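Read through the structure below, which is laid out as structure tokens, and then see the notes.
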Amino acid sequence: MAALAPCTCGGIDVHAHVVPENFPAYIGRSMPADWPSMAPAQPCHRHVMIAGKNYRTVADKCWDVPKRLQDLPGMGLALQVMSPMPELLSYWMPAADAQQLLRFLNDQIAAMVDAGEGQLAGLGAVPLQDVDLAIRELEYAVKTLGFAGVEVGSNINGVPIGAPVFDPFFEACEALGAAVFVHAIRPAGMERLVGHAQLQQVIAYPGDVGLAAASVITGNLLVRRPKLRIAFSHGGGTLASLLPRLQQGWGVFPALRDSVLEAPADQARRLFYDTLVFDTPTLRHLVASFGDTQLMVGTDYPFNFHDATPVQRIEAAGFDADTTARLVHQNAERFLGRQHKKVTAP
């Protein structure tokens, strides 16, 4: 079992990703067209191939534990929580095929945690296109592998995570005490972007995360599941900008007041968010909007578009010492269900 690493007073990064060095050969009768594979690239890199195309070229830090550990001190981190590259969640595959792939990924993450010298922890992946199968994989990730929880996409084949169809899964997460980290995946609005395909990560991802968080609020997920710990990547995306309109609409439109059972602003302050916004005024705005108990370090390591100085960025934002400590590690400890552990120096 990949046991959770001891807590430290260094930063805890809840948003970091894994891509394995290789993928297994498919063992079923007919390989899905989008079953991933790896191809050689420049030194210390490999191409992630999906449906015969290069989805992304990634560095070996995606799977090389010693190289990953070497980077943590410079980032101010004592613990990094790893989850799969979101495209590997594979919601578009037949559920049984996806489960086979995700089991491999979960086991790979567990092996990295075991090799991580107490500095790595894991969030697993589940095939949410089949809720029953997802619950079984959730139980494996938490009970067998010892993961703190799971990563899920902002939508599952276009269905937002706040939709009622996923409630049994979140009920199981609540019962197991499993944390849920929401990451953008195949976002809405791509047809409205003008420019390079990398704008998906830059512009479309925050939009889809904001819609996902809004769906959790308007779907009353935390009203039904008050003990659920659920976090949103990229600072909650556009939610902080949407929230005043949602709150005002809730006060103006009787239909919204009837269907959204608790004030949107109050619900938003019960969700968690990472700090991955690359901007000090925006970070301060998120703390003002959501509360200093709800923000946690996030980096998107080891991809090129990541925050290499996340703790330094928080420390430079002008928060008091207690707020800084909450953002740097205490809130993440609570999100991960680790606050009972003793905090020690890295």
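How things are named: the first chain in the structure tokens is A, the next is B, and so on; residues count from 1 in each chain; ligands count from 1 in the order shown.
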
Checklist entry - Running DSSP on the backbone, which parts of stretch 65-275 of chain A land in strand (DSSP E), as a PyMOL selection string? => result chain A and resi 77-84+120-124+149-153+155-156+159-160+179-183+230-232+272-274

Checklist entry - Per DSSP on the backbone, what are the helix (DSSP H, G or I) residues of stretch 81-216 of chain A, as a ChimeraX atom specification? => result /A:86-89,95-114,131-144,164-176,190-192,199-216

Hey, could you make a per-residue contact list for stretch 282-331 of chain A against stretch 211-235 of chain A with 10 Å as the cut-off, showing the nearest pair of atoms and its distance in Å to one decimal, counting only C-alpha atoms, sorted by chain and number, as a tab-separated table?
residue	atom	partner	partner_atom	distance
A:Thr282	CA	A:Gly235	CA	9.0
A:Leu283	CA	A:Gly235	CA	8.0
A:Leu286	CA	A:Gly235	CA	7.3
A:Val287	CA	A:Gly235	CA	9.9
A:Gln294	CA	A:Ala231	CA	8.6
A:Leu295	CA	A:Gly235	CA	7.9
A:Met296	CA	A:Gly235	CA	9.0
A:Val297	CA	A:Gly235	CA	9.6
A:Gly298	CA	A:Ser233	CA	7.5
A:Thr299	CA	A:His234	CA	8.9
A:Asp300	CA	A:His234	CA	8.9

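By only C-alpha atoms, and with residues fewer than 4 positions from stretch 82-91 of chain A along its chain excluded, the set lying at most 6 Å from it is Ala16, His17, Val18, Ala98, Gly122, Leu123 and Gln129 of chain A.
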
Would you save the residues of that selection, restricted to C-alpha atoms, as a PDB file, in the first residue's frame?
ATOM      1  CA  ALA A  16       0.795  18.099 -10.049  1.00  0.00           C
ATOM      2  CA  HIS A  17       0.603  15.478 -12.755  1.00  0.00           C
ATOM      3  CA  VAL A  18       1.935  12.100 -13.792  1.00  0.00           C
ATOM      4  CA  ALA A  98     -10.906   2.990 -19.400  1.00  0.00           C
ATOM      5  CA  GLY A 122      -1.413  10.343  -4.846  1.00  0.00           C
ATOM      6  CA  LEU A 123      -4.863  11.097  -6.198  1.00  0.00           C
ATOM      7  CA  GLN A 129     -18.632   7.368 -17.536  1.00  0.00           C
TER       8      GLN A 129
END

Go through stretch 100-194 of chain A residue by residue and, counting only C-alpha atoms, keep those with an atom at most 12 Å from stretch 27-38 of chain A; for each kept residue give the shortest atom pair and its distance in Å to one decimal, ordered by chain and increasing number, as CSV.
residue,atom,partner,partner_atom,distance
A:Gln100,CA,A:Ile27,CA,9.0
A:Leu101,CA,A:Trp35,CA,8.4
A:Leu102,CA,A:Trp35,CA,11.3
A:Leu105,CA,A:Pro36,CA,11.7

Distance table requested - stretch 261-330 of chain A against stretch 178-190 of chain A, cut-off 10 Å, only C-alpha atoms: one row per qualifying residue with the closest atom pair and its distance in Å to one decimal, ordered by chain and rising residue number, as CSV.
residue,atom,partner,partner_atom,distance
A:Phe272,CA,A:Phe181,CA,8.8
A:Tyr273,CA,A:Phe181,CA,8.9
A:Asp274,CA,A:Phe181,CA,9.5

Kindly save the residues from that selection, with N, CA and C atoms included, as a JSON list (two decimals), in the first residue's frame.
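Final file, result-v4.json:
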[["chain", "number", "residue", "atom", "x", "y", "z"],
["A", 272, "PHE", "N", -12.97, 24.06, -2.12],
["A", 272, "PHE", "CA", -11.54, 24.35, -2.09],
["A", 272, "PHE", "C", -11.07, 24.75, -3.50],
["A", 273, "TYR", "N", -9.94, 25.46, -3.56],
["A", 273, "TYR", "CA", -9.40, 25.94, -4.83],
["A", 273, "TYR", "C", -7.88, 25.94, -4.73],
["A", 274, "ASP", "N", -7.20, 25.76, -5.87],
["A", 274, "ASP", "CA", -5.76, 25.94, -5.84],
["A", 274, "ASP", "C", -5.40, 27.39, -6.15]]

Checklist entry - What's the 12 Å shell around A:Leu145, counting only C-alpha atoms, without same-chain residues fewer than 5 positions away, as a PyMOL selection string? => result chain A and resi 1-4+103+105-114+121-125+137-140+150
